[in-house]
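This is start.tsv. It holds TSV, C-alpha atoms and all ligand atoms.
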chain	number	residue	atom	x	y	z
A	11	MET	CA	209.12	-7.99	-53.49
A	12	LYS	CA	210.91	-6.48	-56.50
A	13	LYS	CA	208.89	-8.56	-58.91
A	14	PHE	CA	205.69	-7.29	-57.34
A	15	PHE	CA	206.61	-3.70	-58.02
A	16	ILE	CA	207.67	-4.35	-61.58
A	17	LEU	CA	204.46	-6.19	-62.35
A	18	LEU	CA	202.36	-3.60	-60.66
A	19	PHE	CA	203.70	-0.77	-62.76
A	20	ILE	CA	203.85	-2.53	-66.11
A	21	PRO	CA	200.10	-2.10	-66.76
A	22	PHE	CA	200.48	1.63	-66.95
A	23	ILE	CA	203.11	1.29	-69.62
A	24	LEU	CA	201.82	-1.56	-71.76
A	25	PHE	CA	198.20	-1.42	-72.71
A	26	ALA	CA	197.95	-5.12	-73.39
A	27	TYR	CA	198.07	-5.63	-69.63
A	28	LYS	CA	194.97	-5.41	-67.58
A	29	VAL	CA	194.79	-5.20	-63.79
A	30	ASP	CA	191.69	-6.53	-62.16
A	31	ILE	CA	191.04	-5.74	-58.53
A	32	GLN	CA	188.33	-8.04	-57.25
A	33	LYS	CA	186.72	-9.22	-54.07
A	34	TRP	CA	187.27	-12.83	-53.13
A	35	LYS	CA	183.54	-13.28	-52.61
A	36	SER	CA	182.99	-13.68	-56.35
A	37	TYR	CA	184.85	-17.00	-56.08
A	38	LYS	CA	184.02	-18.29	-52.62
A	39	THR	CA	186.41	-21.23	-53.00
A	40	PHE	CA	189.92	-21.62	-54.31
A	41	TYR	CA	188.63	-24.27	-56.67
A	42	ASN	CA	186.18	-21.78	-58.23
A	43	PHE	CA	188.91	-19.23	-58.53
A	44	LEU	CA	191.08	-21.65	-60.52
A	45	LYS	CA	188.17	-22.80	-62.66
A	46	GLN	CA	186.86	-19.35	-63.53
A	47	ASN	CA	190.30	-18.15	-64.54
A	48	ASN	CA	191.05	-21.32	-66.55
A	49	LEU	CA	193.88	-22.22	-64.26
A	50	PRO	CA	194.96	-25.84	-63.74
A	51	LEU	CA	193.86	-27.58	-60.54
A	52	SER	CA	197.45	-28.75	-60.15
A	53	ILE	CA	198.14	-25.31	-58.64
A	54	TYR	CA	196.09	-26.40	-55.67
A	55	TYR	CA	197.45	-29.94	-55.51
A	56	ASN	CA	201.04	-28.72	-55.63
A	57	LEU	CA	200.61	-26.33	-52.73
A	58	PRO	CA	202.40	-27.30	-49.51
A	59	ILE	CA	199.99	-28.75	-46.89
A	60	ASN	CA	199.99	-25.66	-44.65
A	61	LEU	CA	199.06	-23.46	-47.61
A	62	LYS	CA	196.26	-25.78	-48.69
A	63	ARG	CA	194.73	-25.16	-45.30
A	64	TYR	CA	195.04	-21.39	-45.72
A	65	VAL	CA	193.47	-21.19	-49.17
A	66	ARG	CA	190.41	-23.04	-47.87
A	67	PHE	CA	189.71	-20.16	-45.48
A	68	ILE	CA	190.31	-16.99	-47.48
A	69	PRO	CA	188.06	-14.33	-45.95
A	70	GLN	CA	185.11	-13.51	-48.22
A	71	ASN	CA	185.72	-9.80	-48.53
A	72	GLU	CA	189.47	-9.92	-49.21
A	73	THR	CA	190.68	-7.88	-52.14
A	74	ILE	CA	192.59	-9.86	-54.71
A	75	PHE	CA	194.68	-8.68	-57.60
A	76	LEU	CA	194.72	-10.22	-61.06
A	77	LEU	CA	197.03	-9.30	-63.90
A	78	LYS	CA	196.23	-10.39	-67.44
A	79	GLU	CA	197.93	-9.88	-70.76
A	80	ASN	CA	195.56	-9.99	-73.72
A	81	ASN	CA	193.17	-11.85	-71.47
A	82	ASP	CA	195.86	-14.36	-70.63
A	83	PHE	CA	196.50	-14.95	-66.93
A	84	LYS	CA	199.82	-13.53	-65.72
A	85	GLU	CA	199.70	-13.09	-61.98
A	86	ALA	CA	197.40	-13.24	-58.99
A	87	LEU	CA	197.89	-11.95	-55.45
A	88	ILE	CA	195.57	-13.43	-52.83
A	89	PRO	CA	195.91	-12.37	-49.19
A	90	ILE	CA	195.89	-15.34	-46.80
A	91	ASN	CA	196.20	-13.31	-43.60
A	92	SER	CA	196.97	-9.73	-42.63
A	93	GLU	CA	200.67	-10.12	-43.38
A	94	LYS	CA	201.05	-12.62	-46.16
A	95	GLN	CA	199.66	-13.25	-49.62
A	96	LEU	CA	199.79	-16.09	-52.10
A	97	GLN	CA	201.36	-15.11	-55.38
A	98	ILE	CA	200.63	-17.16	-58.50
A	99	ILE	CA	202.79	-16.29	-61.48
A	100	LYS	CA	202.66	-17.77	-64.95
A	101	THR	CA	205.93	-17.88	-66.84
A	102	ASP	CA	206.53	-20.00	-69.97
A	103	ASN	CA	203.26	-21.79	-69.40
A	104	LYS	CA	204.33	-22.84	-65.94
A	105	TYR	CA	202.60	-21.72	-62.77
A	106	ASN	CA	204.69	-20.86	-59.77
A	107	THR	CA	203.27	-20.19	-56.36
A	108	LYS	CA	204.99	-18.35	-53.57
A	109	ILE	CA	204.12	-16.72	-50.29
A	110	ILE	CA	205.20	-13.09	-50.22
A	111	PRO	CA	204.61	-10.29	-47.72
A	112	ILE	CA	201.70	-7.94	-48.30
A	113	ILE	CA	202.98	-4.48	-49.06
A	114	TYR	CA	201.11	-1.78	-47.20
A	115	ASN	CA	201.39	1.94	-47.66
A	116	GLU	CA	201.21	3.90	-44.45
A	117	GLU	CA	199.62	7.30	-44.38
A	118	ARG	CA	199.50	9.71	-41.41
A	119	LYS	CA	196.02	11.12	-40.84
A	120	GLU	CA	194.33	13.37	-38.36
A	121	VAL	CA	190.70	13.80	-37.50
A	122	GLN	CA	188.78	15.92	-35.03
A	123	VAL	CA	185.11	15.36	-34.33
A	124	THR	CA	182.61	16.86	-31.96
A	125	ILE	CA	180.24	14.30	-30.55
A	126	ASP	CA	176.75	15.44	-31.56
A	127	ASN	CA	175.09	12.05	-31.74
A	128	TYR	CA	177.25	9.25	-30.49
A	129	LEU	CA	180.88	8.30	-30.82
A	130	SER	CA	180.67	5.56	-33.46
A	131	TYR	CA	178.28	7.57	-35.63
A	132	ASP	CA	180.21	10.83	-35.55
A	133	LEU	CA	183.60	9.18	-35.96
A	134	TYR	CA	182.36	7.08	-38.86
A	135	LYS	CA	180.80	10.11	-40.54
A	136	ALA	CA	184.16	11.88	-40.44
A	137	THR	CA	186.43	9.00	-41.40
A	138	HIS	CA	184.34	6.17	-42.91
A	139	LEU	CA	186.35	3.85	-40.71
A	140	SER	CA	184.49	1.63	-38.29
A	141	ILE	CA	187.64	0.17	-36.70
A	142	LEU	CA	188.58	3.55	-35.24
A	143	THR	CA	185.73	3.60	-32.70
A	144	ASN	CA	186.65	0.27	-31.11
A	145	LYS	CA	190.27	1.30	-30.84
A	146	ILE	CA	189.35	4.60	-29.17
A	147	ILE	CA	187.10	2.83	-26.68
A	148	ASP	CA	189.81	0.30	-25.97
A	149	ILE	CA	192.36	3.02	-25.22
A	150	PHE	CA	190.16	5.10	-22.92
A	151	ASN	CA	187.66	2.72	-21.32
A	152	ASP	CA	189.45	2.60	-17.97
A	153	ARG	CA	189.15	6.38	-17.66
A	154	VAL	CA	186.05	7.39	-19.59
A	155	ASN	CA	182.46	6.18	-19.48
A	156	PHE	CA	181.49	6.32	-23.14
A	157	ARG	CA	177.79	5.95	-22.36
A	158	THR	CA	177.70	9.30	-20.62
A	159	LEU	CA	180.02	11.43	-22.74
A	160	PRO	CA	178.97	15.07	-22.25
A	161	LYS	CA	177.51	16.76	-25.33
A	162	GLY	CA	180.09	18.82	-27.14
A	163	THR	CA	182.96	16.47	-26.28
A	164	THR	CA	185.63	16.65	-28.96
A	165	ILE	CA	187.81	13.76	-29.95
A	166	THR	CA	191.08	14.27	-31.78
A	167	VAL	CA	192.89	11.32	-33.31
A	168	VAL	CA	196.25	11.12	-35.09
A	169	TYR	CA	196.69	7.74	-36.73
A	170	ASN	CA	198.56	5.81	-39.37
A	171	ALA	CA	196.32	4.18	-41.95
A	172	LYS	CA	197.64	0.91	-43.38
A	173	LYS	CA	196.54	0.72	-47.00
A	174	ARG	CA	196.54	-2.02	-49.59
A	175	PHE	CA	195.37	-1.00	-53.10
A	176	SER	CA	194.06	2.27	-51.62
A	177	GLU	CA	191.85	0.32	-49.20
A	178	ILE	CA	192.46	0.99	-45.50
A	179	LYS	CA	193.03	-2.38	-43.82
A	180	ASP	CA	194.07	-1.28	-40.35
A	181	VAL	CA	194.82	1.80	-38.32
A	182	LYS	CA	197.37	2.47	-35.62
A	183	ILE	CA	196.41	5.27	-33.27
A	184	LEU	CA	199.46	7.33	-32.37
A	185	TYR	CA	197.64	9.95	-30.34
A	186	ALA	CA	194.12	10.58	-29.18
A	187	GLN	CA	192.52	13.22	-27.01
A	188	ILE	CA	189.10	13.42	-25.38
A	189	LYS	CA	188.17	16.92	-24.32
A	190	ASN	CA	185.10	18.52	-22.81
A	191	ASN	CA	184.17	21.04	-20.11
A	192	PHE	CA	185.00	18.56	-17.37
A	193	TYR	CA	188.25	16.91	-18.41
A	194	THR	CA	190.97	16.61	-21.03
A	195	ILE	CA	192.64	13.24	-21.44
A	196	ASN	CA	195.60	12.72	-23.73
A	197	ALA	CA	196.75	9.30	-24.87
A	198	PHE	CA	200.11	8.85	-26.57
A	199	LEU	CA	201.23	5.53	-27.96
A	200	ASN	CA	204.61	4.84	-26.40
A	201	PRO	CA	206.70	3.40	-29.24
A	202	TYR	CA	208.98	1.69	-26.73
A	203	ASP	CA	206.38	-0.58	-25.11
A	204	GLY	CA	203.24	-0.30	-27.25
A	205	ARG	CA	201.07	1.06	-24.39
A	206	TYR	CA	199.15	4.31	-24.17
A	207	TYR	CA	200.19	6.91	-21.59
A	208	ASP	CA	199.08	10.41	-20.75
A	209	GLU	CA	201.44	13.40	-20.97
A	210	LYS	CA	202.69	12.67	-17.43
A	211	GLY	CA	203.75	9.12	-18.28
A	212	LYS	CA	200.85	7.40	-16.51
A	213	SER	CA	199.27	4.48	-18.35
A	214	LEU	CA	195.65	4.82	-19.44
A	215	LYS	CA	194.92	1.18	-18.82
A	216	GLY	CA	195.37	-0.69	-15.62
A	217	MET	CA	198.10	-3.28	-15.14
A	218	PHE	CA	195.42	-6.04	-15.24
A	219	LEU	CA	192.41	-6.61	-17.48
A	220	LYS	CA	189.12	-6.95	-15.60
A	221	ALA	CA	188.74	-10.53	-16.85
A	222	PRO	CA	190.78	-12.75	-19.19
A	223	LEU	CA	187.80	-13.41	-21.46
A	224	ARG	CA	184.27	-12.43	-22.42
A	225	TYR	CA	182.17	-14.63	-20.20
A	226	LYS	CA	178.53	-15.50	-19.72
A	227	ARG	CA	178.64	-15.98	-15.98
A	228	ILE	CA	180.83	-16.86	-13.03
A	229	SER	CA	180.04	-20.39	-11.86
A	230	SER	CA	182.35	-20.51	-8.88
A	231	LYS	CA	184.07	-17.80	-6.87
A	232	PHE	CA	187.24	-17.80	-4.78
A	233	GLY	CA	186.91	-19.51	-1.37
A	234	MET	CA	185.82	-22.76	0.30
A	235	ARG	CA	183.37	-24.84	-1.71
A	236	PHE	CA	182.03	-28.35	-1.93
A	237	HIS	CA	183.94	-29.78	-4.90
A	238	PRO	CA	181.48	-30.97	-7.57
A	239	ILE	CA	183.66	-33.87	-8.73
A	240	LEU	CA	185.70	-34.81	-5.64
A	241	HIS	CA	182.67	-34.39	-3.31
A	242	LYS	CA	184.82	-32.87	-0.58
A	243	TRP	CA	185.13	-29.43	0.92
A	244	ARG	CA	188.02	-27.81	-0.81
A	245	MET	CA	189.55	-24.40	-1.22
A	246	HIS	CA	188.69	-23.02	-4.64
A	247	ASP	CA	191.69	-20.81	-5.26
A	248	GLY	CA	190.47	-19.06	-8.37
A	249	VAL	CA	187.40	-17.97	-10.29
A	250	ASP	CA	185.48	-20.05	-12.84
A	251	PHE	CA	184.22	-18.19	-15.88
A	252	VAL	CA	181.65	-19.92	-18.10
A	253	ASN	CA	181.44	-19.56	-21.87
A	254	LYS	CA	181.57	-21.66	-25.02
A	255	ILE	CA	184.45	-23.98	-25.89
A	256	GLY	CA	186.91	-22.10	-28.03
A	257	THR	CA	186.34	-18.65	-26.49
A	258	PRO	CA	189.69	-16.80	-26.69
A	259	ILE	CA	191.51	-16.35	-23.37
A	260	HIS	CA	193.67	-13.25	-23.00
A	261	ALA	CA	196.71	-12.60	-20.83
A	262	VAL	CA	195.47	-10.13	-18.19
A	263	ALA	CA	198.81	-8.32	-18.02
A	264	ASP	CA	202.18	-8.14	-19.77
A	265	GLY	CA	204.41	-10.99	-18.69
A	266	LYS	CA	206.43	-14.09	-19.51
A	267	ILE	CA	204.93	-17.54	-20.05
A	268	ILE	CA	206.46	-19.83	-17.43
A	269	TYR	CA	204.31	-22.92	-17.97
A	270	LYS	CA	202.35	-24.44	-20.84
A	271	GLY	CA	201.06	-27.97	-20.60
A	272	TRP	CA	198.98	-30.39	-18.56
A	273	ILE	CA	198.52	-29.88	-14.83
A	274	ARG	CA	196.77	-32.68	-12.88
A	275	GLY	CA	193.21	-31.56	-12.21
A	276	TYR	CA	193.64	-28.35	-14.17
A	277	GLY	CA	194.14	-30.01	-17.56
A	278	ARG	CA	195.69	-27.91	-20.31
A	279	SER	CA	197.06	-24.79	-18.66
A	280	VAL	CA	199.17	-21.68	-19.06
A	281	LYS	CA	201.00	-19.79	-16.33
A	282	ILE	CA	202.34	-16.27	-16.80
A	283	ARG	CA	204.70	-14.36	-14.53
A	284	HIS	CA	204.11	-10.61	-14.28
A	285	LYS	CA	205.75	-7.64	-12.60
A	286	ASN	CA	205.57	-7.08	-8.83
A	287	GLY	CA	205.34	-10.74	-7.80
A	288	TYR	CA	202.17	-11.75	-9.67
A	289	ILE	CA	201.57	-15.06	-11.46
A	290	THR	CA	198.35	-15.86	-13.34
A	291	LEU	CA	197.00	-19.33	-14.16
A	292	TYR	CA	194.57	-20.16	-16.97
A	293	ALA	CA	193.24	-23.73	-16.73
A	294	HIS	CA	190.93	-26.36	-18.33
A	295	LEU	CA	191.93	-24.99	-21.75
A	296	HIS	CA	190.86	-26.60	-24.98
A	297	GLY	CA	194.13	-25.68	-26.64
A	298	TRP	CA	196.64	-22.98	-27.38
A	299	PRO	CA	197.16	-20.73	-30.39
A	300	ARG	CA	200.35	-21.17	-32.37
A	301	GLY	CA	203.37	-19.32	-31.03
A	302	ILE	CA	202.55	-19.78	-27.35
A	303	TYR	CA	205.55	-21.36	-25.62
A	304	VAL	CA	207.44	-21.24	-22.33
A	305	GLY	CA	209.77	-18.24	-22.25
A	306	LYS	CA	207.66	-16.09	-24.55
A	307	TRP	CA	206.88	-12.52	-23.50
A	308	VAL	CA	203.26	-11.63	-24.04
A	309	LYS	CA	201.43	-8.32	-23.96
A	310	GLN	CA	198.26	-7.66	-22.03
A	311	GLY	CA	195.40	-8.90	-24.21
A	312	THR	CA	197.40	-11.52	-26.15
A	313	VAL	CA	195.36	-14.68	-26.79
A	314	ILE	CA	197.18	-17.41	-24.86
A	315	GLY	CA	194.60	-20.20	-25.11
A	316	TYR	CA	191.03	-21.22	-25.80
A	317	LEU	CA	188.36	-22.07	-23.27
A	318	GLY	CA	187.85	-25.81	-22.82
A	319	ASN	CA	186.87	-28.63	-20.52
A	320	SER	CA	190.16	-30.45	-19.92
A	321	GLY	CA	191.23	-31.92	-16.58
A	322	LEU	CA	188.78	-32.29	-13.68
A	323	SER	CA	186.01	-30.11	-15.01
A	324	THR	CA	182.23	-30.37	-14.95
A	325	GLY	CA	181.64	-28.34	-18.09
A	326	PRO	CA	183.31	-25.81	-20.39
A	327	HIS	CA	184.82	-23.03	-18.27
A	328	LEU	CA	188.02	-21.20	-17.53
A	329	HIS	CA	189.60	-21.58	-14.12
A	330	PHE	CA	191.51	-18.35	-13.56
A	331	GLY	CA	193.93	-18.08	-10.66
A	332	VAL	CA	196.08	-15.19	-9.45
A	333	MET	CA	199.07	-15.74	-7.20
A	334	HIS	CA	200.73	-12.86	-5.39
A	335	ASN	CA	204.09	-13.45	-3.69
A	336	GLY	CA	203.43	-17.21	-3.62
A	337	LYS	CA	199.85	-17.09	-2.31
A	338	TRP	CA	196.62	-17.50	-4.25
A	339	ILE	CA	194.53	-14.36	-3.99
A	340	ASN	CA	190.97	-13.55	-5.05
A	341	PRO	CA	191.16	-12.53	-8.73
A	342	LEU	CA	187.94	-10.53	-8.40
A	343	LYS	CA	189.51	-8.36	-5.71
A	344	LEU	CA	192.53	-7.62	-7.86
A	345	LYS	CA	192.86	-3.89	-8.40
A	346	HIS	CA	192.67	-4.03	-12.16
A	347	ASN	CA	192.92	-0.29	-12.44
A	348	VAL	CA	196.37	-0.02	-10.84
A	349	LYS	CA	198.15	2.21	-13.34
A	350	ILE	CA	201.65	1.77	-14.60
A	351	THR	CA	203.75	4.90	-14.22
A	352	LEU	CA	206.89	5.30	-16.27
A	353	TYR	CA	209.96	6.25	-14.29
A	354	GLY	CA	213.70	6.76	-14.77
A	355	LYS	CA	215.14	6.18	-18.19
A	356	GLN	CA	211.84	4.93	-19.67
A	357	ARG	CA	210.08	8.11	-18.55
A	358	LYS	CA	212.80	10.33	-20.02
A	359	LYS	CA	212.64	8.55	-23.36
A	360	PHE	CA	208.85	8.74	-23.45
A	361	LEU	CA	208.71	12.45	-22.56
A	362	ALA	CA	211.32	13.27	-25.20
A	363	TYR	CA	209.27	11.33	-27.73
A	364	ILE	CA	205.95	13.03	-26.95
A	365	ASN	CA	207.59	16.47	-27.03
A	366	LYS	CA	208.87	15.84	-30.51
A	367	PHE	CA	205.61	14.23	-31.61
A	368	SER	CA	203.51	17.09	-30.24
A	369	LYS	CA	205.58	19.70	-32.08
A	370	GLU	CA	205.36	17.78	-35.34
A	371	ASN	CA	201.60	17.38	-35.04
A	372	ASN	CA	200.73	20.76	-33.46
A	373	ILE	CA	199.45	19.28	-30.24
A	374	ALA	CA	199.41	21.66	-27.30
A	375	LEU	CA	200.44	19.90	-24.08
A	376	LYS	CA	198.92	21.62	-21.13
A	401	ZN	ZN	188.01	-23.37	-10.75

Please render this file's structure as structure tokens.
Amino acid sequence: MKKFFILLFIPFILFAYKVDIQKWKSYKTFYNFLKQNNLPLSIYYNLPINLKRYVRFIPQNETIFLLKENNDFKEALIPINSEKQLQIIKTDNKYNTKIIPIIYNEERKEVQVTIDNYLSYDLYKATHLSILTNKIIDIFNDRVNFRTLPKGTTITVVYNAKKRFSEIKDVKILYAQIKNNFYTINAFLNPYDGRYYDEKGKSLKGMFLKAPLRYKRISSKFGMRFHPILHKWRMHDGVDFVNKIGTPIHAVADGKIIYKGWIRGYGRSVKIRHKNGYITLYAHLHGWPRGIYVGKWVKQGTVIGYLGNSGLSTGPHLHFGVMHNGKWINPLKLKHNVKITLYGKQRKKFLAYINKFSKENNIALK
């Protein structure tokens, strides 16, 4: 980390150094990158196997950093994901590679827009950030119908912009408000659990997502059915959602993974235990992302697997089951909009936080 700073500031002192900030798309492949900068291919061959895999899939629009001294290569920084970058340093004619964290600068920003056209247009015009719209919709979509926002609605957003080389890579919304003649809705990010709550400590999103995936259709509902493979009448104790193999499957609520593995009939599966006696089952998976294991706590929306066709299955689909107090219930009848209300100590902490935050950012709580 120290080295990064030293090298980054040298160019302003010594004129022989030149910093090049480029887009990865000019190279397309790691091989081209090495070739065009007259770097030995051994850099690639000497990379550990897991890194070789990463450098094959560097996103096309990533910003890379090149430092040269009298046109001689000194250092390169190539992001391999949102947190890590590959550093190549030349010292005494030797090339060393290392994975180092990406250093972001965070900047607090505030924006207020009146919706004259539509949300994404007006928000983009004011901020030149397209990611902001999706995040706003995601926070409020259980409470607000964005298709019928009244004219003159104002949206206020306080957010932290994560910057790398003065380019905003991500935003974290700390507060947002939607206000019009009919309603005012405040959303505060609770730093203690990562959810958004209004000023009374009521969550904006329901405890459950409406569905654990984006699906094309439902091929089988909850109830008795003639089993397509077993050719017997059987209880179908879940819902089958159809989509392509590999579609990400999300945890419908916060919880703890209590099972990951093969279940007879269900194939590759994940089970999650949630608050208030709920367990969810995700079956016929193709596989799991890295970092999904029994005992792990996951947040609502975390990808816990990929849609597949494993076990007794007639085609790619997700079998989704919900158990409440030991009994399978109809997932489609689940009240997804049941709100979480903070109480006790958690509520006290949250209210103290939003009081302080509101004063600092001149937000009037009604
Ligand atoms: Zn099923």

Quiz item: Interatomic distance between atom CA of A:Tyr288 and atom CA of A:Lys254?
Solution: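 Taking atom CA of A:Tyr288 as the start and atom CA of A:Lys254 as the end point, the length is 27.5 Å.
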
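A straight line drawn from atom CA of A:Pro89 to atom CA of A:Lys62 is 13.4 Å long.
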
Quiz item: Any idea what the distance is between atom CA of A:Met245 and atom CA of A:Tyr276?
Solution: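 If I compute the distance from atom CA of A:Met245 to atom CA of A:Tyr276, I get 14.1 Å.
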
Practice problem: With all atoms listed in the file counted, collect every polymer residue having an atom within 7 Å of ligand ZN 401 (chain A); state the result as a ChimeraX atom specification. | Solution: /A:230,246,248-250,329-330

Exercise. Anything within 12 Å of (206.9, -15.7, -53.1): list those residues as a VMD selection string, counting only C-alpha atoms and sticking to the file's coordinates.
Key: chain A and resid 11 to 14 85 to 88 94 to 99 106 to 112

Quiz prompt | Option closest in space to A:Ile147, from A:Val313, A:Leu322, A:Ile259, A:Ile183 [counting all atoms listed in the file] | solution =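 Closest to A:Ile147 of all the choices is A:Ile183.
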
Practice problem: Find the spatial neighbours of A:Lys172, counting only C-alpha atoms, within a cut-off of 12 Å - ignore same-chain residues fewer than 3 positions away - and output them as an NGL selection string. | Solution: :A and (92-93 or 112-119 or 139 or 169 or 175-183)

Pull C-alpha atoms from the residues just selected and write them as a tab-separated table (two decimals), in the frame of the given file.
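Listed below is the output, selection00.tsv:
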chain	number	residue	atom	x	y	z
A	92	SER	CA	196.97	-9.73	-42.63
A	93	GLU	CA	200.67	-10.12	-43.38
A	112	ILE	CA	201.70	-7.94	-48.30
A	113	ILE	CA	202.98	-4.48	-49.06
A	114	TYR	CA	201.11	-1.78	-47.20
A	115	ASN	CA	201.39	1.94	-47.66
A	116	GLU	CA	201.21	3.90	-44.45
A	117	GLU	CA	199.62	7.30	-44.38
A	118	ARG	CA	199.50	9.71	-41.41
A	119	LYS	CA	196.02	11.12	-40.84
A	139	LEU	CA	186.35	3.85	-40.71
A	169	TYR	CA	196.69	7.74	-36.73
A	175	PHE	CA	195.37	-1.00	-53.10
A	176	SER	CA	194.06	2.27	-51.62
A	177	GLU	CA	191.85	0.32	-49.20
A	178	ILE	CA	192.46	0.99	-45.50
A	179	LYS	CA	193.03	-2.38	-43.82
A	180	ASP	CA	194.07	-1.28	-40.35
A	181	VAL	CA	194.82	1.80	-38.32
A	182	LYS	CA	197.37	2.47	-35.62
A	183	ILE	CA	196.41	5.27	-33.27

Quiz item: Using all atoms listed in the file, which residue out of A:Asn144, A:Thr290, A:Asn103, A:Thr324 lies closest to A:Lys337?
Solution: A:Thr290

Residues of stretch 169-273 of chain A that have any atom at most 10 Å from an atom of stretch 367-375 of chain A: could you tabulate them with the shortest-distance atom pair and the distance in Å to one decimal, using only C-alpha atoms, ordered by chain and increasing number, as a Markdown table?
| residue | atom | partner | partner_atom | distance |
| --- | --- | --- | --- | --- |
| A:Leu184 | CA | A:Phe367 | CA | 9.3 |
| A:Tyr185 | CA | A:Phe367 | CA | 9.1 |
| A:Gln187 | CA | A:Ile373 | CA | 9.8 |
| A:Asn196 | CA | A:Leu375 | CA | 8.7 |
| A:Phe198 | CA | A:Phe367 | CA | 9.2 |
| A:Glu209 | CA | A:Leu375 | CA | 7.3 |

Exercise. Excluding A:Pro258 and residues on its chain fewer than 6 positions from it, collect all residues at most 12 Å away from it, counting all atoms listed in the file, and give them as a VMD selection string.
Key: chain A and resid 221 to 225 292 295 to 299 311 to 318 327 to 328

Just write the chosen residues, C-alpha atoms, as a PDB file, in the frame of the given file.
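Below is the file that was written, selection08.pdb:
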ATOM      1  CA  ALA A 221     188.740 -10.530 -16.850  1.00  0.00           C
ATOM      2  CA  PRO A 222     190.780 -12.750 -19.190  1.00  0.00           C
ATOM      3  CA  LEU A 223     187.800 -13.410 -21.460  1.00  0.00           C
ATOM      4  CA  ARG A 224     184.270 -12.430 -22.420  1.00  0.00           C
ATOM      5  CA  TYR A 225     182.170 -14.630 -20.200  1.00  0.00           C
ATOM      6  CA  TYR A 292     194.570 -20.160 -16.970  1.00  0.00           C
ATOM      7  CA  LEU A 295     191.930 -24.990 -21.750  1.00  0.00           C
ATOM      8  CA  HIS A 296     190.860 -26.600 -24.980  1.00  0.00           C
ATOM      9  CA  GLY A 297     194.130 -25.680 -26.640  1.00  0.00           C
ATOM     10  CA  TRP A 298     196.640 -22.980 -27.380  1.00  0.00           C
ATOM     11  CA  PRO A 299     197.160 -20.730 -30.390  1.00  0.00           C
ATOM     12  CA  GLY A 311     195.400  -8.900 -24.210  1.00  0.00           C
ATOM     13  CA  THR A 312     197.400 -11.520 -26.150  1.00  0.00           C
ATOM     14  CA  VAL A 313     195.360 -14.680 -26.790  1.00  0.00           C
ATOM     15  CA  ILE A 314     197.180 -17.410 -24.860  1.00  0.00           C
ATOM     16  CA  GLY A 315     194.600 -20.200 -25.110  1.00  0.00           C
ATOM     17  CA  TYR A 316     191.030 -21.220 -25.800  1.00  0.00           C
ATOM     18  CA  LEU A 317     188.360 -22.070 -23.270  1.00  0.00           C
ATOM     19  CA  GLY A 318     187.850 -25.810 -22.820  1.00  0.00           C
ATOM     20  CA  HIS A 327     184.820 -23.030 -18.270  1.00  0.00           C
ATOM     21  CA  LEU A 328     188.020 -21.200 -17.530  1.00  0.00           C
TER      22      LEU A 328
END

Self-check item: Shell around A:Thr124 at 7 Å using only C-alpha atoms, local window under 2 positions removed, as a PyMOL selection string
Solution: chain A and resi 122+126+162-165

Practice problem: Kindly indicate which residue among A:Gln310, A:Asn200, A:Gly271, A:Thr257 lies nearest to A:Arg283, using only C-alpha atoms for the distances. | Solution: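 Going through A:Gln310, A:Asn200, A:Gly271, A:Thr257 one by one, the smallest distance to A:Arg283 is for A:Gln310.
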
Quiz item: Looking at A:Lys231, A:Lys309, A:Arg66, A:Lys226, which one is nearest to A:Ile267, with distances taken over all atoms listed in the file?
Solution: A:Lys309

Self-check item: Spatial sel., origin (194.1, -21.7, -44.1), limit 12 Å, all atoms listed in the file, listed as a VMD selection string
Solution: chain A and resid 39 to 40 57 to 69 89 to 91 94 to 96

Exercise. Mind checking which residues fall within 8 Å of A:Leu214, counting only C-alpha atoms, ignoring those fewer than 5 positions away in the same chain, and posting them as a list in words?
Key: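 Non-adjacent residues within range: Ile149, Phe150, Asp152, Arg153, Ala197, Tyr206, Tyr207, Asp208 and Lys349 of chain A.
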